[in-house]
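Next comes final-v1.txt, a file with compact mmCIF, C-alpha atoms.
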```txt
# COMPACT_ATOMS: atom_id res chain seq x y z
CA MET A 24 77.16 104.72 107.01
CA MET A 25 75.22 102.45 104.65
CA SER A 26 75.80 102.20 100.92
CA ASN A 27 72.60 104.15 100.18
CA ASP A 28 73.86 107.01 102.30
CA VAL A 29 77.02 107.15 100.21
CA HIS A 30 75.06 108.30 97.17
CA ASP A 31 72.93 110.75 99.12
CA ASP A 32 75.74 112.30 101.12
CA PRO A 33 76.67 115.76 99.76
CA VAL A 34 80.27 115.57 101.03
CA LEU A 35 80.92 112.26 99.27
CA ALA A 36 79.02 113.46 96.19
CA ALA A 37 81.36 116.47 96.01
CA LEU A 38 84.33 114.10 96.08
CA HIS A 39 82.87 112.15 93.19
CA ASP A 40 83.14 115.27 91.02
CA LEU A 41 86.89 115.61 91.52
CA PRO A 42 88.53 115.32 88.11
CA ALA A 43 90.73 112.43 87.06
CA CYS A 44 94.43 113.00 86.68
CA ASP A 45 97.07 111.04 84.83
CA VAL A 46 100.79 110.68 84.34
CA GLY A 47 102.42 112.30 81.32
CA ARG A 48 101.89 110.59 77.97
CA ARG A 49 105.55 109.60 77.52
CA ARG A 50 105.75 108.09 80.96
CA ALA A 51 102.48 106.22 80.39
CA GLN A 52 103.77 104.85 77.07
CA ARG A 53 107.07 103.80 78.64
CA LEU A 54 105.33 101.98 81.48
CA GLY A 55 102.87 100.34 79.07
CA ALA A 56 105.71 99.06 76.89
CA ARG A 57 107.56 97.72 79.94
CA CYS A 58 104.43 95.94 81.16
CA ARG A 59 103.79 94.35 77.76
CA VAL A 60 107.33 92.94 77.75
CA VAL A 61 106.85 91.50 81.25
CA LEU A 62 103.41 90.12 80.30
CA ALA A 63 104.84 88.38 77.24
CA SER A 64 107.77 86.88 79.18
CA GLU A 65 105.53 85.75 82.06
CA THR A 66 103.16 84.11 79.60
CA ARG A 67 106.08 82.29 77.95
CA VAL A 68 107.31 81.04 81.31
CA THR A 69 103.82 79.91 82.37
CA SER A 70 103.10 78.13 79.10
CA ALA A 71 106.54 76.47 79.16
CA ALA A 72 105.83 75.22 82.68
CA ALA A 73 102.41 73.95 81.57
CA THR A 74 103.98 72.17 78.58
CA ALA A 75 106.62 70.58 80.80
CA SER A 76 103.92 69.49 83.22
CA SER A 77 101.78 67.98 80.45
CA ALA A 78 104.85 66.25 78.91
CA ARG A 79 105.48 64.54 82.28
CA TRP A 80 102.06 62.83 82.27
CA PRO A 81 102.77 60.04 79.69
CA HIS A 82 105.94 59.16 81.60
CA VAL A 83 104.08 58.91 84.93
CA THR A 84 101.24 56.93 83.34
CA GLY A 85 103.72 54.45 81.81
CA ILE A 86 105.38 53.79 85.17
CA ALA A 87 102.00 53.32 86.85
CA LEU A 88 100.87 50.81 84.20
CA LEU A 89 104.12 48.86 84.48
CA ALA A 90 103.81 48.74 88.28
CA ALA A 91 100.22 47.50 88.02
CA TRP A 92 101.21 44.82 85.51
CA CYS A 93 104.07 43.66 87.80
CA ALA A 94 101.73 43.50 90.80
CA ILE A 95 99.17 41.41 88.90
CA TYR A 96 101.94 39.12 87.56
CA PHE A 97 103.34 38.62 91.09
CA MET A 98 99.89 37.87 92.52
CA GLU A 99 99.27 35.32 89.76
CA ILE A 100 102.59 33.58 90.59
CA VAL A 101 101.63 33.48 94.27
CA ARG A 102 98.14 32.16 93.41
CA ARG A 103 99.51 29.36 91.16
CA GLY A 104 102.18 28.51 93.71
CA ALA A 105 99.54 28.23 96.38
CA ALA A 106 97.43 26.01 94.07
CA VAL A 107 100.37 23.56 93.54
CA TRP A 108 101.94 23.51 96.98
CA GLY A 109 99.18 24.87 99.15
CA PRO A 110 96.95 22.85 101.52
CA MET B 13 85.70 108.36 84.75
CA THR B 14 85.83 105.20 82.69
CA GLN B 15 83.37 102.55 83.73
CA MET B 16 83.59 99.01 82.42
CA ASP B 17 80.72 96.54 82.33
CA ARG B 18 81.24 93.21 84.02
CA ASP B 19 81.23 91.08 80.84
CA THR B 20 83.91 93.26 79.27
CA GLU B 21 85.94 93.05 82.46
CA LEU B 22 85.66 89.25 82.59
CA SER B 23 86.80 88.94 78.98
CA LEU B 24 89.73 91.27 79.68
CA VAL B 25 90.71 89.19 82.71
CA GLU B 26 90.63 86.11 80.49
CA GLY B 27 92.79 87.95 77.97
CA LEU B 28 95.28 88.94 80.66
CA ARG B 29 95.46 85.35 81.87
CA ARG B 30 96.41 84.33 78.32
CA GLY B 31 98.96 87.14 78.07
CA ASP B 32 96.99 89.06 75.46
CA ALA B 33 98.64 92.48 74.91
CA GLU B 34 95.41 94.03 73.59
CA ALA B 35 93.57 93.07 76.77
CA PHE B 36 96.36 94.65 78.77
CA ASP B 37 96.17 97.85 76.69
CA ALA B 38 92.42 98.12 77.28
CA VAL B 39 92.79 97.65 81.05
CA TYR B 40 95.76 100.00 81.18
CA GLU B 41 94.00 102.81 79.32
CA ALA B 42 90.80 102.43 81.34
CA TYR B 43 92.27 102.18 84.81
CA ARG B 44 95.68 103.92 84.75
CA PRO B 45 94.28 107.43 85.43
CA ARG B 46 92.09 106.11 88.25
CA VAL B 47 94.93 104.28 89.96
CA PHE B 48 97.22 107.27 89.51
CA GLY B 49 94.57 109.68 90.79
CA PHE B 50 94.07 107.50 93.85
CA LEU B 51 97.81 107.27 94.50
CA VAL B 52 98.60 110.94 93.94
CA ARG B 53 95.81 112.07 96.26
CA LEU B 54 96.67 109.45 98.85
CA SER B 55 100.41 110.10 98.88
CA ARG B 56 100.30 113.85 98.08
CA SER B 57 103.45 113.34 96.05
CA GLN B 58 103.62 113.06 92.28
CA THR B 59 107.02 111.35 92.29
CA LEU B 60 105.96 108.72 94.79
CA ALA B 61 102.63 108.20 93.03
CA GLU B 62 104.43 107.61 89.71
CA ASP B 63 106.79 105.07 91.27
CA LEU B 64 103.95 103.24 92.98
CA LEU B 65 101.92 103.31 89.77
CA ASP B 66 104.79 101.59 87.91
CA GLU B 67 105.05 98.95 90.60
CA THR B 68 101.27 98.37 90.66
CA TRP B 69 101.06 97.70 86.93
CA LEU B 70 104.17 95.55 86.94
CA ARG B 71 102.57 93.47 89.70
CA LEU B 72 99.47 93.05 87.55
CA VAL B 73 101.35 91.75 84.52
CA SER B 74 103.57 89.53 86.69
CA HIS B 75 100.49 87.93 88.24
CA ALA B 76 98.31 88.02 85.12
CA ALA B 77 98.50 84.28 84.45
CA ARG B 78 97.48 83.53 88.06
CA LEU B 79 94.49 85.88 88.20
CA HIS B 80 91.19 84.24 89.08
CA ALA B 81 88.72 84.23 86.20
CA ASP B 82 86.27 86.37 88.22
CA THR B 83 88.82 88.94 89.45
CA ARG B 84 87.49 92.50 89.82
CA LEU B 85 90.34 94.39 88.25
CA LEU B 86 89.85 97.85 89.73
CA PRO B 87 89.60 96.69 93.37
CA TRP B 88 92.57 94.38 92.68
CA LEU B 89 94.63 97.31 91.41
CA PHE B 90 93.58 99.56 94.30
CA THR B 91 94.47 96.81 96.78
CA VAL B 92 97.96 96.47 95.34
CA ALA B 93 98.42 100.24 95.09
CA ARG B 94 97.36 100.93 98.68
CA ASN B 95 99.44 98.03 100.02
CA LEU B 96 102.48 99.39 98.20
CA TYR B 97 101.79 102.85 99.61
CA TRP B 98 101.47 101.59 103.20
CA THR B 99 104.58 99.46 102.82
CA TYR B 100 106.45 102.52 101.59
CA ARG B 101 105.09 104.64 104.42
CA ARG B 102 106.11 102.11 107.02
CA SER B 103 109.62 101.77 105.60
CA ALA B 104 110.28 105.42 104.87
CA ALA B 105 108.23 107.03 107.63
CA LEU B 106 106.98 109.36 104.96
CA GLU B 107 106.54 112.93 106.00
CA GLU B 108 103.07 114.12 105.08
CA THR B 109 103.42 117.19 102.94
CA LEU B 110 101.12 118.81 100.49
CA ASP B 111 102.79 118.55 97.12
CA ALA B 112 101.55 121.43 95.04
CA SER B 113 102.80 119.86 91.82
CA ALA B 114 100.53 116.88 92.42
CA LEU B 115 97.48 119.11 92.45
CA ALA B 116 98.65 120.97 89.38
CA LEU B 117 98.27 117.76 87.35
CA ILE B 118 94.54 117.86 87.54
CA PRO B 119 93.10 118.87 84.19
CA CYS B 120 90.17 121.19 83.56
CA ARG B 121 86.74 120.08 82.55
CA ASP B 122 85.52 120.64 79.02
CA GLY B 123 82.48 122.65 78.10
CA TRP B 124 82.38 125.56 80.51
CA SER B 125 79.45 127.89 80.15
CA SER B 126 81.10 130.97 81.65
CA PRO B 127 84.39 132.19 83.17
CA PHE B 128 82.57 132.58 86.50
CA GLU B 129 81.63 128.92 86.42
CA VAL B 130 85.26 128.02 85.69
CA ALA B 131 86.46 130.12 88.62
CA ALA B 132 83.80 128.72 90.99
CA TRP B 133 84.53 125.14 89.95
CA HIS B 134 88.29 125.62 90.42
CA GLU B 135 87.74 127.14 93.83
CA ARG B 136 85.50 124.23 94.86
CA GLN B 137 88.09 121.69 93.68
CA ARG B 138 90.92 123.52 95.43
CA ARG B 139 88.96 123.61 98.68
CA LEU B 140 88.24 119.91 98.40
CA GLU B 141 91.86 119.04 97.62
CA ARG B 142 93.09 121.15 100.52
CA ALA B 143 90.56 119.57 102.86
CA LEU B 144 91.54 116.07 101.69
CA ALA B 145 95.21 116.90 102.20
CA ARG B 146 94.56 117.80 105.83
CA LEU B 147 93.02 114.41 106.65
CA SER B 148 94.95 111.44 107.96
CA PRO B 149 95.97 108.96 105.23
CA ARG B 150 93.52 106.36 106.64
CA HIS B 151 90.61 108.76 106.30
CA ARG B 152 91.81 110.00 102.92
CA GLU B 153 92.17 106.47 101.62
CA VAL B 154 88.62 105.42 102.41
CA LEU B 155 87.16 108.68 101.06
CA LEU B 156 89.13 108.32 97.84
CA LEU B 157 87.99 104.75 97.32
CA VAL B 158 84.31 105.33 98.08
CA GLY B 159 83.83 109.02 97.27
CA VAL B 160 86.14 109.59 94.32
CA GLU B 161 86.47 106.13 92.78
CA GLY B 162 82.91 105.03 93.44
CA LEU B 163 83.72 101.66 95.00
CA THR B 164 80.94 100.21 97.12
CA PRO B 165 81.70 100.11 100.86
CA GLY B 166 81.94 96.31 100.50
CA GLU B 167 84.57 96.58 97.77
CA ALA B 168 86.45 99.26 99.69
CA ALA B 169 86.43 97.02 102.77
CA VAL B 170 88.12 94.26 100.76
CA VAL B 171 90.67 96.70 99.37
CA CYS B 172 91.50 98.03 102.85
CA GLY B 173 91.45 94.62 104.49
CA LEU B 174 88.64 95.60 106.88
CA THR B 175 85.30 94.12 107.78
CA PRO B 176 82.34 95.94 106.18
CA GLU B 177 81.26 97.19 109.60
CA ALA B 178 84.73 98.56 110.41
CA LEU B 179 84.84 100.26 107.04
CA ARG B 180 81.42 101.86 107.57
CA GLN B 181 82.60 103.27 110.87
CA LEU B 182 85.85 104.51 109.35
CA LEU B 183 83.95 106.06 106.44
CA ALA B 184 81.60 107.88 108.80
CA ARG B 185 84.55 109.25 110.78
CA ALA B 186 86.40 110.21 107.58
CA ARG B 187 83.33 111.92 106.21
CA ALA B 188 82.91 113.92 109.42
CA ALA B 189 86.60 114.87 109.33
CA LEU B 190 86.29 116.01 105.72
CA ALA B 191 83.18 118.04 106.47
CA GLN B 192 85.03 119.69 109.34
CA ALA B 193 88.10 120.34 107.15
CA LEU B 194 85.87 121.87 104.47
CA ASP B 195 84.35 124.20 107.04
CA LEU B 196 87.83 125.15 108.19
CA SER B 197 89.01 125.83 104.66
CA ARG B 198 85.93 127.96 104.03
CA ASP B 199 86.71 129.96 107.16
CA ARG B 200 90.29 130.45 106.01
CA THR B 201 89.36 131.57 102.50
CA PRO B 202 90.31 135.26 102.27
CA ARG B 203 87.22 137.41 102.03
CA ARG B 204 86.93 140.64 100.13
CA ARG B 205 86.76 143.52 102.51
CA GLY B 206 84.22 146.31 102.32
CA GLY B 207 82.43 145.16 99.18
CA ARG B 208 80.42 147.60 97.21
```
As C-alpha cells:
Amino acid sequence: MMSNDVHDDPVLAALHDLPACDVGRRRAQRLGARCRVVLASETRVTSAAATASSARWPHVTGIALLAAWCAIYFMEIVRRGAAVWGP
Amino acid sequence: MTQMDRDTELSLVEGLRRGDAEAFDAVYEAYRPRVFGFLVRLSRSQTLAEDLLDETWLRLVSHAARLHADTRLLPWLFTVARNLYWTYRRSAALEETLDASALALIPCRDGWSSPFEVAAWHERQRRLERALARLSPRHREVLLLVGVEGLTPGEAAVVCGLTPEALRQLLARARAALAQALDLSRDRTPRRRGGR
C-alpha cells in the first residue's frame, strides 16, 4: 500500500475521523508538573556537567603547553650538546 | 487533532534541549491527547495507557537535553510509547480484553446538526472501535499510527522499527483485517425486525 493509497482508502479515512481522547485534567496537570520538575533537574545536571567540562579545558591546555615547552628545552640541550661534543 | 508546523516543532525541540518549561508545556498540550489516544486504543486498557503515558513523557523530559536538533517529536513519542507497550506485553503477557471504560473516554464532537446525525456518528465510531479491538495488536498499532494519527508510512515504519516495504505489507494486511472486522460487526449489529 503506497502513501497515496492511504489518503484514498475509505477504511483508513474512517479511522482518521475517530475522535481524540485524553486523560483527566487533574491527572494531566499532575503529570505535567512532575515532568517540569524532572526537566528542570535534568537541565541543571547537564549544564553542571558542561560547566565542569569547560572548566577542565584551561587545566588541560596548561599541561600541554608545559609539556611542549619542556620538549623544546630538552631538544635545545641535545642540539647544543651535539654542537660542542659532536663530530 | 493538533497539527504543528515544522518550524514551530524545531523551535520547541530547541526549547526542550535548553530545559525551557514553556516549550515543554506547548509540546505536552499538543501531543498528550494523541499519545494517550494511541496508547488507550493499542492497549485497550485505560489504566495501562495512563501508566505508559506517564512513562513516555518522563522519558521525553529525561532525554530532552540529548534530543537531536531535528527530532520529529510526535514519531519520537510514539516510538517510546509503543516500545513501552511491547515491553509491558512481553513481561506481563497481557491478556487482550476490551476495556469498556477506555472507550467511554472518547468525547463527542461539537456542532451536531441533528440527533440522528449524533446517533449515526456514535454508531459508526462504536463499530470502528469494536473492529479495531478485534485486531491483533500488530495490526492495530500500524492502523492507529497511519490511519488515526496520520503518520506517513515512512514515519510509521521508523516508529515500528520496520523497513518501509515491510510496513506497507503489514498495513495492507491490517487494512484487510479491519475491513473484514467491520463487515463482521455490521453483520452482528442487531437489526429491527418486521419494520413498518
Interatomic distance (Å, one decimal) between CA of Leu28 in chain B and CA of Val73 in chain B: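 Computed distance, CA of Leu28 in chain B to CA of Val73 in chain B, equals 7.7 Å.
Here CA of Arg18 in chain B is placed at a distance of 11.3 Å from CA of Leu86 in chain B.
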Atomic distance CA of Glu34 in chain B - CA of Arg59 in chain A, expressed in Å with one decimal: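 These atoms are spaced 9.4 Å apart.
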Check: which chain A residues lie within 7 Å of chain B using all atoms listed in the file, as a PyMOL selection string: chain A and resi 24-26+34-36+38-39+41-45+54+58-59+61-63+65-66
Residue among A:Val68, A:Ile95, A:Ile100, A:Ala37 lying closest to Arg139 in chain B, counting all atoms listed in the file: A:Ala37
Spatial neighbours of range 90-93 of chain B, 7 Å, only C-alpha atoms, chain gap at least 4 places, as a ChimeraX atom specification: /B:47,64,68,86,97,171-172
Proximity to Leu22 in chain B - best of B:Leu54, B:Val154, B:Ala38, B:Ala81, only C-alpha atoms: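 Of the candidates, the smallest distance to Leu22 in chain B is held by B:Ala81.
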Would you compute the box with edges along x, y and z of the file around range 138-147 of chain B, including every atom the file lists for it and 6 Å extra on each side, and give its centre and edge lengths in Å to one decimal, as lines of an AutoDock Vina configuration file?
```
center_x = 91.7
center_y = 119.0
center_z = 101.0
size_x = 19.0
size_y = 21.2
size_z = 23.2
```
